[in-house]
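Enquirer: Structure file input01.pdb (PDB, C-alpha atoms, pLDDT in the B column) right here:
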ATOM      1  CA  MET J 960       7.512   6.953 -28.647  1.00 65.00           C
ATOM      2  CA  PHE J 961       8.177   3.264 -29.313  1.00 73.00           C
ATOM      3  CA  MET J 962       8.107   2.645 -25.549  1.00 81.00           C
ATOM      4  CA  PHE J 963       4.517   3.954 -25.411  1.00 82.00           C
ATOM      5  CA  THR J 964       3.625   1.794 -28.426  1.00 84.00           C
ATOM      6  CA  LEU J 965       5.051  -1.276 -26.672  1.00 84.00           C
ATOM      7  CA  PHE J 966       3.171  -0.349 -23.482  1.00 86.00           C
ATOM      8  CA  LYS J 967      -0.121  -0.196 -25.415  1.00 87.00           C
ATOM      9  CA  LYS J 968       0.672  -3.466 -27.188  1.00 85.00           C
ATOM     10  CA  GLU J 969       1.305  -5.239 -23.863  1.00 85.00           C
ATOM     11  CA  LEU J 970      -1.841  -3.791 -22.298  1.00 86.00           C
ATOM     12  CA  ASN J 971      -3.952  -4.666 -25.331  1.00 86.00           C
ATOM     13  CA  SER J 972      -2.605  -8.207 -25.298  1.00 83.00           C
ATOM     14  CA  PHE J 973      -3.956  -8.696 -21.773  1.00 82.00           C
ATOM     15  CA  PHE J 974      -7.475  -7.799 -22.810  1.00 83.00           C
ATOM     16  CA  SER J 975      -7.488  -9.240 -26.333  1.00 81.00           C
ATOM     17  CA  SER J 976      -6.642 -12.675 -24.905  1.00 79.00           C
ATOM     18  CA  LEU J 977      -9.066 -12.370 -21.935  1.00 81.00           C
ATOM     19  CA  THR J 978      -6.096 -12.583 -19.543  1.00 80.00           C
ATOM     20  CA  GLY J 979      -6.776  -9.111 -18.183  1.00 82.00           C
ATOM     21  CA  TYR J 980     -10.484  -9.751 -17.652  1.00 88.00           C
ATOM     22  CA  ILE J 981      -9.787 -13.056 -15.920  1.00 88.00           C
ATOM     23  CA  ILE J 982      -7.225 -11.487 -13.566  1.00 87.00           C
ATOM     24  CA  ILE J 983      -9.627  -8.690 -12.573  1.00 88.00           C
ATOM     25  CA  ILE J 984     -12.681 -10.957 -12.209  1.00 91.00           C
ATOM     26  CA  VAL J 985     -10.851 -13.642 -10.202  1.00 90.00           C
ATOM     27  CA  PHE J 986      -9.363 -11.014  -7.882  1.00 91.00           C
ATOM     28  CA  LEU J 987     -12.763  -9.432  -7.201  1.00 90.00           C
ATOM     29  CA  ILE J 988     -14.680 -12.699  -6.868  1.00 90.00           C
ATOM     30  CA  PHE J 989     -12.132 -14.331  -4.578  1.00 88.00           C
ATOM     31  CA  ASN J 990     -12.019 -11.351  -2.237  1.00 87.00           C
ATOM     32  CA  GLY J 991     -15.784 -10.862  -2.424  1.00 86.00           C
ATOM     33  CA  LEU J 992     -16.469 -14.454  -1.410  1.00 88.00           C
ATOM     34  CA  PHE J 993     -14.344 -14.158   1.715  1.00 85.00           C
ATOM     35  CA  LEU J 994     -15.684 -10.719   2.633  1.00 84.00           C
ATOM     36  CA  TRP J 995     -19.390 -11.310   2.084  1.00 82.00           C
ATOM     37  CA  ILE J 996     -20.204 -15.014   1.554  1.00 83.00           C
ATOM     38  CA  PHE J 997     -17.871 -17.466   3.296  1.00 83.00           C
ATOM     39  CA  PRO J 998     -18.344 -17.622   7.080  1.00 82.00           C
ATOM     40  CA  GLY J 999     -15.360 -16.831   9.265  1.00 77.00           C
ATOM     41  CA  GLU J1000     -13.335 -14.001  10.722  1.00 80.00           C
ATOM     42  CA  ASN J1001     -13.062 -12.225   7.361  1.00 79.00           C
ATOM     43  CA  ASN J1002     -16.819 -12.016   6.795  1.00 80.00           C
ATOM     44  CA  ILE J1003     -17.817  -8.375   7.316  1.00 77.00           C
ATOM     45  CA  ILE J1004     -21.546  -8.965   7.887  1.00 75.00           C
ATOM     46  CA  GLU J1005     -21.055 -11.985  10.172  1.00 76.00           C
ATOM     47  CA  ASN J1006     -18.625 -10.112  12.407  1.00 71.00           C
ATOM     48  CA  ASN J1007     -20.876  -7.032  12.457  1.00 69.00           C
ATOM     49  CA  TYR J1008     -17.886  -4.702  12.365  1.00 70.00           C
ATOM     50  CA  ALA J1009     -17.348  -1.943   9.800  1.00 68.00           C
ATOM     51  CA  SER J1010     -13.791  -2.653   8.700  1.00 76.00           C
ATOM     52  CA  LEU J1011     -12.164  -3.492   5.394  1.00 82.00           C
ATOM     53  CA  SER J1012      -8.967  -4.803   6.945  1.00 85.00           C
ATOM     54  CA  PRO J1013      -9.912  -8.387   5.895  1.00 85.00           C
ATOM     55  CA  LEU J1014      -9.761  -7.249   2.251  1.00 87.00           C
ATOM     56  CA  PHE J1015      -6.207  -6.030   2.652  1.00 90.00           C
ATOM     57  CA  ASN J1016      -5.227  -9.174   4.545  1.00 89.00           C
ATOM     58  CA  ILE J1017      -6.530 -11.442   1.778  1.00 91.00           C
ATOM     59  CA  ALA J1018      -5.534  -9.405  -1.307  1.00 93.00           C
ATOM     60  CA  PRO J1019      -1.725  -9.904  -1.007  1.00 94.00           C
ATOM     61  CA  TRP J1020      -2.243 -13.676  -1.014  1.00 94.00           C
ATOM     62  CA  VAL J1021      -4.556 -13.535  -4.023  1.00 93.00           C
ATOM     63  CA  PHE J1022      -2.040 -11.375  -5.909  1.00 94.00           C
ATOM     64  CA  LEU J1023       0.673 -13.855  -4.928  1.00 94.00           C
ATOM     65  CA  PHE J1024      -0.855 -16.211  -7.521  1.00 93.00           C
ATOM     66  CA  LEU J1025      -2.494 -13.823  -9.970  1.00 93.00           C
ATOM     67  CA  ILE J1026       0.427 -11.482 -10.668  1.00 95.00           C
ATOM     68  CA  PRO J1027       2.916 -14.287 -11.480  1.00 95.00           C
ATOM     69  CA  ALA J1028       0.228 -15.603 -13.859  1.00 92.00           C
ATOM     70  CA  LEU J1029       0.004 -12.130 -15.361  1.00 90.00           C
ATOM     71  CA  THR J1030       3.756 -11.639 -15.844  1.00 93.00           C
ATOM     72  CA  MET J1031       4.941 -15.166 -16.606  1.00 91.00           C
ATOM     73  CA  ARG J1032       4.772 -14.741 -20.408  1.00 89.00           C
ATOM     74  CA  MET J1033       6.117 -11.192 -20.673  1.00 89.00           C
ATOM     75  CA  PHE J1034       9.658 -12.207 -21.603  1.00 89.00           C
ATOM     76  CA  SER J1035       9.500 -16.009 -21.621  1.00 89.00           C
ATOM     77  CA  ASP J1036       7.109 -16.091 -24.594  1.00 83.00           C
ATOM     78  CA  GLU J1037       9.273 -13.583 -26.463  1.00 82.00           C
ATOM     79  CA  LYS J1038      12.321 -15.776 -25.838  1.00 83.00           C
ATOM     80  CA  GLN J1039      10.510 -18.962 -26.799  1.00 82.00           C
ATOM     81  CA  SER J1040       9.146 -17.565 -30.065  1.00 78.00           C
ATOM     82  CA  GLY J1041      12.303 -15.630 -30.937  1.00 75.00           C
ATOM     83  CA  THR J1042      10.462 -12.303 -31.201  1.00 78.00           C
ATOM     84  CA  ILE J1043      12.664 -10.855 -28.468  1.00 77.00           C
ATOM     85  CA  GLU J1044      15.507 -10.588 -30.987  1.00 77.00           C
ATOM     86  CA  ILE J1045      13.251  -8.523 -33.245  1.00 78.00           C
ATOM     87  CA  LEU J1046      12.308  -6.362 -30.268  1.00 78.00           C
ATOM     88  CA  PHE J1047      15.971  -5.670 -29.544  1.00 76.00           C
ATOM     89  CA  THR J1048      16.428  -4.296 -33.065  1.00 78.00           C
ATOM     90  CA  LYS J1049      13.806  -1.591 -32.499  1.00 79.00           C
ATOM     91  CA  PRO J1050      14.858   1.986 -31.609  1.00 80.00           C
ATOM     92  CA  ILE J1051      14.330   1.417 -27.906  1.00 83.00           C
ATOM     93  CA  SER J1052      16.690   0.621 -25.024  1.00 88.00           C
ATOM     94  CA  ASP J1053      16.503  -2.510 -22.882  1.00 87.00           C
ATOM     95  CA  MET J1054      15.327  -0.459 -19.905  1.00 90.00           C
ATOM     96  CA  GLN J1055      12.548   1.110 -21.948  1.00 91.00           C
ATOM     97  CA  ILE J1056      11.400  -2.362 -22.985  1.00 91.00           C
ATOM     98  CA  ILE J1057      11.388  -3.423 -19.335  1.00 93.00           C
ATOM     99  CA  LEU J1058       9.542  -0.289 -18.231  1.00 94.00           C
ATOM    100  CA  ALA J1059       6.913  -0.647 -20.965  1.00 92.00           C
ATOM    101  CA  LYS J1060       6.124  -4.192 -19.848  1.00 93.00           C
ATOM    102  CA  TYR J1061       6.313  -3.206 -16.186  1.00 96.00           C
ATOM    103  CA  LEU J1062       3.911  -0.276 -16.576  1.00 95.00           C
ATOM    104  CA  ALA J1063       1.470  -2.502 -18.459  1.00 93.00           C
ATOM    105  CA  GLY J1064       1.587  -5.005 -15.580  1.00 93.00           C
ATOM    106  CA  ILE J1065       1.068  -2.278 -12.977  1.00 95.00           C
ATOM    107  CA  SER J1066      -1.830  -0.820 -14.962  1.00 94.00           C
ATOM    108  CA  LEU J1067      -3.648  -4.142 -14.969  1.00 92.00           C
ATOM    109  CA  SER J1068      -3.046  -4.687 -11.247  1.00 93.00           C
ATOM    110  CA  ILE J1069      -4.430  -1.195 -10.518  1.00 93.00           C
ATOM    111  CA  PHE J1070      -7.459  -1.954 -12.724  1.00 92.00           C
ATOM    112  CA  SER J1071      -7.989  -4.978 -10.451  1.00 92.00           C
ATOM    113  CA  ILE J1072      -7.734  -2.935  -7.246  1.00 93.00           C
ATOM    114  CA  LEU J1073      -9.903   0.042  -8.259  1.00 92.00           C
ATOM    115  CA  PRO J1074     -13.236  -1.861  -8.252  1.00 90.00           C
ATOM    116  CA  THR J1075     -12.680  -2.683  -4.558  1.00 88.00           C
ATOM    117  CA  LEU J1076     -13.827   0.900  -3.956  1.00 90.00           C
ATOM    118  CA  ILE J1077     -17.312  -0.628  -4.280  1.00 89.00           C
ATOM    119  CA  TYR J1078     -16.584  -2.547  -1.074  1.00 87.00           C
ATOM    120  CA  PHE J1079     -15.548   0.708   0.596  1.00 88.00           C
ATOM    121  CA  ILE J1080     -18.794   2.420  -0.425  1.00 88.00           C
ATOM    122  CA  SER J1081     -20.850  -0.592   0.726  1.00 85.00           C
ATOM    123  CA  VAL J1082     -19.241  -0.768   4.159  1.00 83.00           C
ATOM    124  CA  TYR J1083     -19.355   3.028   4.495  1.00 83.00           C
ATOM    125  CA  TYR J1084     -23.142   3.050   4.157  1.00 84.00           C
ATOM    126  CA  LEU J1085     -23.736  -0.206   6.020  1.00 78.00           C
ATOM    127  CA  SER J1086     -21.887   1.036   9.103  1.00 75.00           C
ATOM    128  CA  ASN J1087     -23.827   2.424  12.045  1.00 74.00           C
ATOM    129  CA  PRO J1088     -23.731   5.379  12.084  1.00 77.00           C
ATOM    130  CA  VAL J1089     -23.101   5.853   8.367  1.00 76.00           C
ATOM    131  CA  GLY J1090     -19.443   6.645   7.735  1.00 71.00           C
ATOM    132  CA  ASN J1091     -18.217   4.980  10.934  1.00 74.00           C
ATOM    133  CA  LEU J1092     -15.176   3.594   9.143  1.00 78.00           C
ATOM    134  CA  ASP J1093     -11.429   4.090   9.494  1.00 80.00           C
ATOM    135  CA  ILE J1094     -11.077   6.069   6.275  1.00 84.00           C
ATOM    136  CA  GLY J1095      -7.397   6.893   6.846  1.00 84.00           C
ATOM    137  CA  GLY J1096      -6.609   3.229   7.419  1.00 84.00           C
ATOM    138  CA  PHE J1097      -8.501   2.269   4.260  1.00 87.00           C
ATOM    139  CA  TRP J1098      -6.631   4.692   2.016  1.00 91.00           C
ATOM    140  CA  GLY J1099      -3.315   3.749   3.610  1.00 89.00           C
ATOM    141  CA  SER J1100      -4.052   0.079   2.938  1.00 90.00           C
ATOM    142  CA  PHE J1101      -5.261   0.910  -0.579  1.00 92.00           C
ATOM    143  CA  ILE J1102      -2.004   2.708  -1.407  1.00 93.00           C
ATOM    144  CA  GLY J1103      -0.015  -0.038   0.311  1.00 93.00           C
ATOM    145  CA  LEU J1104      -1.715  -2.664  -1.858  1.00 94.00           C
ATOM    146  CA  ILE J1105      -0.771  -0.744  -5.003  1.00 95.00           C
ATOM    147  CA  PHE J1106       2.853  -0.606  -3.828  1.00 96.00           C
ATOM    148  CA  LEU J1107       2.794  -4.315  -2.944  1.00 96.00           C
ATOM    149  CA  SER J1108       1.364  -5.329  -6.316  1.00 96.00           C
ATOM    150  CA  SER J1109       3.943  -3.113  -8.025  1.00 96.00           C
ATOM    151  CA  VAL J1110       6.713  -5.060  -6.298  1.00 97.00           C
ATOM    152  CA  TYR J1111       5.080  -8.359  -7.305  1.00 97.00           C
ATOM    153  CA  VAL J1112       4.995  -7.181 -10.941  1.00 97.00           C
ATOM    154  CA  ALA J1113       8.704  -6.276 -10.815  1.00 97.00           C
ATOM    155  CA  ILE J1114       9.496  -9.711  -9.379  1.00 97.00           C
ATOM    156  CA  GLY J1115       7.334 -11.390 -12.022  1.00 96.00           C
ATOM    157  CA  ILE J1116       9.058  -9.571 -14.884  1.00 96.00           C
ATOM    158  CA  PHE J1117      12.453 -10.538 -13.485  1.00 97.00           C
ATOM    159  CA  ALA J1118      11.372 -14.193 -13.234  1.00 96.00           C
ATOM    160  CA  SER J1119      10.019 -14.108 -16.799  1.00 94.00           C
ATOM    161  CA  SER J1120      13.329 -12.740 -18.111  1.00 93.00           C
ATOM    162  CA  THR J1121      15.278 -15.698 -16.710  1.00 93.00           C
ATOM    163  CA  THR J1122      13.604 -18.489 -18.668  1.00 92.00           C
ATOM    164  CA  LYS J1123      11.831 -19.472 -21.894  1.00 91.00           C
ATOM    165  CA  ASN J1124       9.315 -21.567 -19.931  1.00 93.00           C
ATOM    166  CA  PRO J1125       6.264 -19.618 -18.635  1.00 92.00           C
ATOM    167  CA  ILE J1126       5.506 -22.283 -16.011  1.00 94.00           C
ATOM    168  CA  ILE J1127       8.990 -22.013 -14.535  1.00 95.00           C
ATOM    169  CA  SER J1128       8.606 -18.238 -14.630  1.00 95.00           C
ATOM    170  CA  PHE J1129       5.294 -18.511 -12.744  1.00 95.00           C
ATOM    171  CA  ILE J1130       6.724 -20.778 -10.051  1.00 96.00           C
ATOM    172  CA  LEU J1131       9.867 -18.680  -9.595  1.00 96.00           C
ATOM    173  CA  ALA J1132       7.872 -15.436  -9.354  1.00 96.00           C
ATOM    174  CA  MET J1133       5.466 -16.976  -6.854  1.00 96.00           C
ATOM    175  CA  MET J1134       8.272 -18.330  -4.674  1.00 96.00           C
ATOM    176  CA  LEU J1135      10.213 -15.055  -4.705  1.00 96.00           C
ATOM    177  CA  SER J1136       7.072 -13.026  -3.961  1.00 96.00           C
ATOM    178  CA  PHE J1137       6.105 -15.396  -1.129  1.00 95.00           C
ATOM    179  CA  PHE J1138       9.563 -15.214   0.410  1.00 95.00           C
ATOM    180  CA  LEU J1139       9.761 -11.443   0.155  1.00 95.00           C
ATOM    181  CA  TYR J1140       6.245 -11.023   1.531  1.00 94.00           C
ATOM    182  CA  ILE J1141       6.346 -13.320   4.541  1.00 91.00           C
ATOM    183  CA  GLY J1142       9.691 -15.135   4.583  1.00 90.00           C
ATOM    184  CA  PHE J1143      11.667 -12.481   6.448  1.00 88.00           C
ATOM    185  CA  ASP J1144       8.992 -12.437   9.169  1.00 87.00           C
ATOM    186  CA  SER J1145       9.664 -16.114   9.845  1.00 85.00           C
ATOM    187  CA  ILE J1146      13.459 -15.812   9.631  1.00 87.00           C
ATOM    188  CA  GLY J1147      13.469 -12.818  11.969  1.00 81.00           C
ATOM    189  CA  TYR J1148      12.198 -14.937  14.841  1.00 79.00           C
ATOM    190  CA  PHE J1149      14.998 -17.492  14.631  1.00 80.00           C
ATOM    191  CA  LYS J1150      17.047 -17.425  17.817  1.00 76.00           C
ATOM    192  CA  ILE J1151      20.233 -16.894  15.825  1.00 81.00           C
ATOM    193  CA  PHE J1152      18.934 -13.446  14.812  1.00 76.00           C
ATOM    194  CA  GLN J1153      17.955 -12.387  18.318  1.00 80.00           C
ATOM    195  CA  GLY J1154      18.741  -8.701  18.722  1.00 80.00           C
ATOM    196  CA  ILE J1155      18.477  -7.882  15.020  1.00 85.00           C
ATOM    197  CA  GLU J1156      15.048  -9.422  14.432  1.00 85.00           C
ATOM    198  CA  ASN J1157      13.478  -6.041  13.686  1.00 87.00           C
ATOM    199  CA  PHE J1158      16.074  -5.400  10.984  1.00 88.00           C
ATOM    200  CA  ILE J1159      15.489  -8.837   9.417  1.00 89.00           C
ATOM    201  CA  ILE J1160      11.697  -8.427   9.491  1.00 89.00           C
ATOM    202  CA  GLY J1161      12.092  -4.955   7.982  1.00 90.00           C
ATOM    203  CA  LEU J1162      13.645  -6.521   4.877  1.00 91.00           C
ATOM    204  CA  GLY J1163      10.278  -8.059   4.004  1.00 93.00           C
ATOM    205  CA  ILE J1164       7.255  -6.526   2.312  1.00 94.00           C
ATOM    206  CA  ASN J1165       4.796  -7.411   5.058  1.00 92.00           C
ATOM    207  CA  ASP J1166       6.398  -5.155   7.676  1.00 92.00           C
ATOM    208  CA  HIS J1167       6.159  -2.101   5.410  1.00 93.00           C
ATOM    209  CA  TYR J1168       2.734  -3.086   4.085  1.00 93.00           C
ATOM    210  CA  ARG J1169       1.386  -3.268   7.657  1.00 90.00           C
ATOM    211  CA  SER J1170       3.040   0.035   8.488  1.00 90.00           C
ATOM    212  CA  ILE J1171       1.538   1.936   5.566  1.00 89.00           C
ATOM    213  CA  SER J1172      -1.860   0.297   6.229  1.00 85.00           C
ATOM    214  CA  ARG J1173      -2.147   2.252   9.470  1.00 81.00           C
ATOM    215  CA  GLY J1174      -2.971   5.295   7.387  1.00 77.00           C
ATOM    216  CA  VAL J1175       0.341   7.109   7.773  1.00 79.00           C
ATOM    217  CA  ILE J1176       2.487   7.281   4.629  1.00 82.00           C
ATOM    218  CA  ASP J1177       6.022   6.984   5.997  1.00 85.00           C
ATOM    219  CA  SER J1178       8.820   7.925   3.583  1.00 90.00           C
ATOM    220  CA  ARG J1179      10.798   4.886   4.788  1.00 91.00           C
ATOM    221  CA  ASP J1180       8.034   2.551   3.610  1.00 93.00           C
ATOM    222  CA  VAL J1181       7.726   4.331   0.267  1.00 94.00           C
ATOM    223  CA  LEU J1182      11.513   4.196  -0.165  1.00 96.00           C
ATOM    224  CA  TYR J1183      11.503   0.467   0.609  1.00 96.00           C
ATOM    225  CA  PHE J1184       8.914  -0.302  -2.061  1.00 96.00           C
ATOM    226  CA  LEU J1185      10.564   1.899  -4.670  1.00 96.00           C
ATOM    227  CA  SER J1186      14.017   0.459  -3.909  1.00 97.00           C
ATOM    228  CA  THR J1187      12.754  -3.123  -4.192  1.00 97.00           C
ATOM    229  CA  ILE J1188      11.126  -2.333  -7.536  1.00 97.00           C
ATOM    230  CA  VAL J1189      14.338  -0.731  -8.824  1.00 97.00           C
ATOM    231  CA  ILE J1190      16.399  -3.730  -7.674  1.00 97.00           C
ATOM    232  CA  PHE J1191      14.270  -6.286  -9.524  1.00 97.00           C
ATOM    233  CA  LEU J1192      13.988  -4.163 -12.663  1.00 96.00           C
ATOM    234  CA  GLY J1193      17.772  -3.693 -12.510  1.00 96.00           C
ATOM    235  CA  LEU J1194      18.241  -7.464 -12.209  1.00 96.00           C
ATOM    236  CA  THR J1195      15.986  -7.894 -15.232  1.00 95.00           C
ATOM    237  CA  LYS J1196      18.210  -5.541 -17.212  1.00 94.00           C
ATOM    238  CA  ILE J1197      21.281  -7.543 -16.186  1.00 94.00           C
ATOM    239  CA  ILE J1198      19.598 -10.724 -17.458  1.00 92.00           C
ATOM    240  CA  LEU J1199      18.770  -9.077 -20.790  1.00 88.00           C
ATOM    241  CA  ASP J1200      22.281  -7.630 -21.053  1.00 85.00           C
ATOM    242  CA  SER J1201      23.728 -11.126 -20.592  1.00 81.00           C
ATOM    243  CA  ARG J1202      22.899 -11.882 -24.249  1.00 67.00           C
ATOM    244  CA  LYS J1203      25.759  -9.547 -25.169  1.00 63.00           C
ATOM    245  CA  TRP J1204      28.323 -11.419 -23.079  1.00 53.00           C
TER     246      TRP J1204
END
As structure tokens, how would this structure be written, given the file I've shared?
Expert:
Amino acid sequence: MFMFTLFKKELNSFFSSLTGYIIIIVFLIFNGLFLWIFPGENNIIENNYASLSPLFNIAPWVFLFLIPALTMRMFSDEKQSGTIEILFTKPISDMQIILAKYLAGISLSIFSILPTLIYFISVYYLSNPVGNLDIGGFWGSFIGLIFLSSVYVAIGIFASSTTKNPIISFILAMMLSFFLYIGFDSIGYFKIFQGIENFIIGLGINDHYRSISRGVIDSRDVLYFLSTIVIFLGLTKIILDSRKW
């Protein structure tokens, strides 16, 4: 019961302070500018091709900045103000506290993604003939983006639990998310890893995000995302437990 109360409190705090609205608006505007306004390979109208793949190429990079901004105060502010000690006295476990904050973060990221369905409807009716769009690929990418943002939120909460400084939390979350998203792709191509490059690349988000974006939901990709989320939430619990040492 208290976990649900904390979840609502976290979610309300996003919108009462305009943080939630800013995250959603910035996400939509940034993607919209690249898809419809700015010239280049991501501009749907300029390239005269009915595909929303540019959206799902850009969105992970936008979230790379927005989600750390969303999560950076979740624990760091509580530590800085001392309210975290009060929170620990409530009839709720550490993991329930983590999950309440995590679910609030996921909810806001999903609220950001849902309006992109407007882009889907627009391209669907602009295509010639109408509906000439890779619908399976779109929904695969849509689900993949939800999984990816869920991992970013888990990383952000972990980063926030390690420090009292929100700025440090933001930077740490951004660096960890960047490395997990694209870092293993770069490392995999080092000559020293020749022969196991596919394994190294498979440790990163991008490989599984690309896989699920093809429109086929592979259990291995789902397991990867869920495992990564569990790992970072588990690390967050270890950080919180360290106060008892």
Enquirer: Quick one: of J:Ile1080, J:Ile1057, J:Ile1102, J:Ile1197, who's nearest to J:Ile1171, counting only C-alpha atoms?
Expert: J:Ile1102
Enquirer: Under the PyMOL selection byres ((chain J and resi 1138-1155) around 10), which residues of this model are included? Write them out as JSON, numbers by chain.
Expert: {"J": [1019, 1020, 1023, 1107, 1110, 1111, 1114, 1132, 1133, 1134, 1135, 1136, 1137, 1156, 1157, 1158, 1159, 1160, 1161, 1162, 1163, 1164, 1165, 1166, 1167, 1168, 1187]}
Enquirer: Smallest atom-to-atom distance to J:Thr1030: which of J:Gly1174, J:Gly991, J:Gly979, J:Pro1074, using all atoms listed in the file?
Expert: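 Using all atoms listed in the file, J:Thr1030 sits closest to J:Gly979.
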Enquirer: Report the distance between atom CA of J:Ser1012 and atom CA of J:Phe1184 in Å, rounded to one decimal place.
Expert: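 Atom CA of J:Phe1184 lies at a distance of 20.5 Å from atom CA of J:Ser1012.
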Enquirer: For the structure shown, which residues end up in the PyMOL selection byres ((chain J and resi 1103) around 9)? Put them as a list in words, please?
Expert: Phe1015, Trp1098, Gly1099, Ser1100, Phe1101, Ile1102, Leu1104, Ile1105, Phe1106, Leu1107, Ser1108, His1167, Tyr1168, Arg1169, Ser1170, Ile1171, Ser1172, Ile1176 and Val1181 of chain J
Enquirer: Evaluate the PyMOL selection byres ((chain J and resi 1122) around 10) against this structure - the residues, as JSON, numbers by chain, please.
Expert: {"J": [1031, 1032, 1034, 1035, 1036, 1038, 1039, 1117, 1118, 1119, 1120, 1121, 1123, 1124, 1125, 1126, 1127, 1128, 1131, 1198]}
Enquirer: Any idea what the distance is between atom CA of J:Ile1026 and atom CA of J:Phe1129?
Expert: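 Separation of atom CA of J:Ile1026 and atom CA of J:Phe1129: 8.8 Å.
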Enquirer: Would you list the contacts of J:Phe974 as a PyMOL selection string, taking every protein, DNA or RNA residue within 12 Å and counting all atoms listed in the file, but skipping same-chain residues closer than 6 positions in sequence?
Expert: chain J and resi 967-968+980-983+1029+1063-1064+1066-1067+1070
Enquirer: So which one's closest to J:Ile988, J:Asp1177, J:Ser1052, J:Glu1044, J:Ile1017? Using all atoms listed in the file, please.
Expert: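 Answer, going by the shortest atom-to-atom distance: J:Ile1017.
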Enquirer: Would you mind writing stretch 1182-1197 of chain J with N, CA and C atoms, as an mmCIF file, in the frame of the given file?
Expert:
data_model
loop_
_atom_site.group_PDB
_atom_site.id
_atom_site.type_symbol
_atom_site.label_atom_id
_atom_site.label_comp_id
_atom_site.auth_asym_id
_atom_site.auth_seq_id
_atom_site.Cartn_x
_atom_site.Cartn_y
_atom_site.Cartn_z
ATOM 1 N N LEU J 1182 10.157 4.431 0.335
ATOM 2 C CA LEU J 1182 11.513 4.196 -0.165
ATOM 3 C C LEU J 1182 11.797 2.703 -0.285
ATOM 4 N N TYR J 1183 11.299 1.922 0.666
ATOM 5 C CA TYR J 1183 11.503 0.467 0.609
ATOM 6 C C TYR J 1183 10.869 -0.113 -0.648
ATOM 7 N N PHE J 1184 9.615 0.230 -0.888
ATOM 8 C CA PHE J 1184 8.914 -0.302 -2.061
ATOM 9 C C PHE J 1184 9.598 0.124 -3.361
ATOM 10 N N LEU J 1185 9.923 1.400 -3.449
ATOM 11 C CA LEU J 1185 10.564 1.899 -4.670
ATOM 12 C C LEU J 1185 11.928 1.248 -4.882
ATOM 13 N N SER J 1186 12.690 1.075 -3.807
ATOM 14 C CA SER J 1186 14.017 0.459 -3.909
ATOM 15 C C SER J 1186 13.917 -0.996 -4.362
ATOM 16 N N THR J 1187 12.941 -1.713 -3.819
ATOM 17 C CA THR J 1187 12.754 -3.123 -4.192
ATOM 18 C C THR J 1187 12.373 -3.244 -5.660
ATOM 19 N N ILE J 1188 11.512 -2.346 -6.120
ATOM 20 C CA ILE J 1188 11.126 -2.333 -7.536
ATOM 21 C C ILE J 1188 12.345 -2.075 -8.417
ATOM 22 N N VAL J 1189 13.142 -1.081 -8.051
ATOM 23 C CA VAL J 1189 14.338 -0.731 -8.824
ATOM 24 C C VAL J 1189 15.317 -1.900 -8.862
ATOM 25 N N ILE J 1190 15.465 -2.596 -7.738
ATOM 26 C CA ILE J 1190 16.399 -3.730 -7.674
ATOM 27 C C ILE J 1190 15.988 -4.821 -8.659
ATOM 28 N N PHE J 1191 14.703 -5.189 -8.659
ATOM 29 C CA PHE J 1191 14.270 -6.286 -9.524
ATOM 30 C C PHE J 1191 14.236 -5.872 -10.993
ATOM 31 N N LEU J 1192 13.921 -4.620 -11.277
ATOM 32 C CA LEU J 1192 13.988 -4.163 -12.663
ATOM 33 C C LEU J 1192 15.444 -4.092 -13.119
ATOM 34 N N GLY J 1193 16.339 -3.709 -12.199
ATOM 35 C CA GLY J 1193 17.772 -3.693 -12.510
ATOM 36 C C GLY J 1193 18.299 -5.095 -12.782
ATOM 37 N N LEU J 1194 17.836 -6.066 -11.982
ATOM 38 C CA LEU J 1194 18.241 -7.464 -12.209
ATOM 39 C C LEU J 1194 17.726 -7.974 -13.554
ATOM 40 N N THR J 1195 16.536 -7.519 -13.931
ATOM 41 C CA THR J 1195 15.986 -7.894 -15.232
ATOM 42 C C THR J 1195 16.864 -7.363 -16.352
ATOM 43 N N LYS J 1196 17.319 -6.131 -16.201
ATOM 44 C CA LYS J 1196 18.210 -5.541 -17.212
ATOM 45 C C LYS J 1196 19.517 -6.317 -17.314
ATOM 46 N N ILE J 1197 20.042 -6.751 -16.178
ATOM 47 C CA ILE J 1197 21.281 -7.543 -16.186
ATOM 48 C C ILE J 1197 21.065 -8.842 -16.956
#
